[in-house]
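Visitor: Pasting a structure here, questions to come.
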Amino acid sequence: MKTPLEQAEEWVKKGNAHDLLSQLKEALAAYKRAIEIDPGDTDAEERMKTMLFIVCQKKRKT
């Protein structure tokens, strides 16, 4: 069984994979899950902030 930190790390990796595929909603969901598991995960938090910024920028252009 994996520790919560290992689980959170896996969710960050999933978020990164979705990000590379431009699957923003899926990336956000994965980063959110990582933060739920490990609220102190600053990497997931920063990546989620970046994704939210990108989503907001895309909405402004439309």
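If you're wondering about the labels, chains in the structure tokens are A, B, ... by order shown, residues count from 1 in each chain, ligands from 1 in order shown.
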Near stretch 44-46 of chain A, counting only C-alpha atoms, which residues have an atom at most 6 Å away, once you skip same-chain residues fewer than 2 positions from it, shown as a PyMOL selection string?
Guide: chain A and resi 12+31+41-42+48-49
Visitor: Tell me, as number ranges by chain, which residues lie within 12 Å of A:Gly15, counting only C-alpha atoms; anything in the same chain fewer than 4 positions away does not count.
Guide: A: 8-11, 19-35, 43-48, 50-51
Visitor: State, in Å with one decimal place, the distance from atom CA of A:Gly40 to atom CA of A:Ala17.
Guide: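 The value is 21.3 Å.
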Visitor: Rounded to one decimal place, report the atom CA of A:Glu6-atom CA of A:Leu52 distance in Å.
Guide: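 These two atoms are separated by 24.1 Å.
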Visitor: If you run DSSP on the backbone, which residues of chain A are alpha helix (DSSP H), as a VMD selection string?
Guide: chain A and resid 4 to 20 24 to 37 42 to 61
Visitor: Those same residues, written as a short mmCIF file (atom, residue, chain, number, x, y, z; two decimals), in the first residue's frame with C-alpha atoms?
Guide:
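Output file again_4.cif follows:
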```cif
data_model
loop_
_atom_site.label_atom_id
_atom_site.label_comp_id
_atom_site.auth_asym_id
_atom_site.auth_seq_id
_atom_site.Cartn_x
_atom_site.Cartn_y
_atom_site.Cartn_z
CA PRO A 4 -0.44 9.40 1.21
CA LEU A 5 2.64 11.27 -0.02
CA GLU A 6 3.24 8.63 -2.70
CA GLN A 7 -0.41 8.80 -3.70
CA ALA A 8 -0.27 12.58 -3.96
CA GLU A 9 2.89 12.34 -6.07
CA GLU A 10 1.11 9.96 -8.46
CA TRP A 11 -1.74 12.43 -8.84
CA VAL A 12 0.73 15.22 -9.63
CA LYS A 13 2.28 12.98 -12.31
CA LYS A 14 -1.18 12.33 -13.75
CA GLY A 15 -1.81 16.06 -13.77
CA ASN A 16 1.47 16.64 -15.57
CA ALA A 17 0.56 14.04 -18.20
CA HIS A 18 -2.83 15.66 -18.77
CA ASP A 19 -1.13 19.05 -18.99
CA LEU A 20 1.21 17.79 -21.72
CA LEU A 24 -6.68 21.20 -18.76
CA LYS A 25 -9.79 20.05 -16.89
CA GLU A 26 -8.27 16.65 -16.23
CA ALA A 27 -4.99 18.22 -15.13
CA LEU A 28 -6.81 20.51 -12.70
CA ALA A 29 -8.76 17.59 -11.27
CA ALA A 30 -5.58 15.58 -10.74
CA TYR A 31 -3.76 18.46 -9.03
CA LYS A 32 -6.81 19.09 -6.85
CA ARG A 33 -6.82 15.43 -5.80
CA ALA A 34 -3.10 15.62 -4.94
CA ILE A 35 -3.77 18.66 -2.74
CA GLU A 36 -6.70 16.92 -1.04
CA ILE A 37 -4.42 14.00 -0.16
CA THR A 42 3.33 23.06 -2.84
CA ASP A 43 4.26 21.55 -6.22
CA ALA A 44 0.67 20.49 -6.89
CA GLU A 45 -0.58 23.84 -5.62
CA GLU A 46 1.72 25.82 -7.92
CA ARG A 47 0.86 23.66 -10.91
CA MET A 48 -2.84 24.07 -10.19
CA LYS A 49 -2.45 27.85 -9.97
CA THR A 50 -0.66 27.84 -13.32
CA MET A 51 -3.41 25.74 -14.90
CA LEU A 52 -6.11 28.06 -13.54
CA PHE A 53 -4.24 31.03 -14.97
CA ILE A 54 -4.08 29.34 -18.38
CA VAL A 55 -7.78 28.49 -18.29
CA CYS A 56 -8.64 32.09 -17.41
CA GLN A 57 -6.44 33.41 -20.22
CA LYS A 58 -8.09 31.09 -22.75
CA LYS A 59 -11.57 32.17 -21.64
CA ARG A 60 -10.64 35.84 -22.03
CA LYS A 61 -9.53 35.25 -25.62
#
```
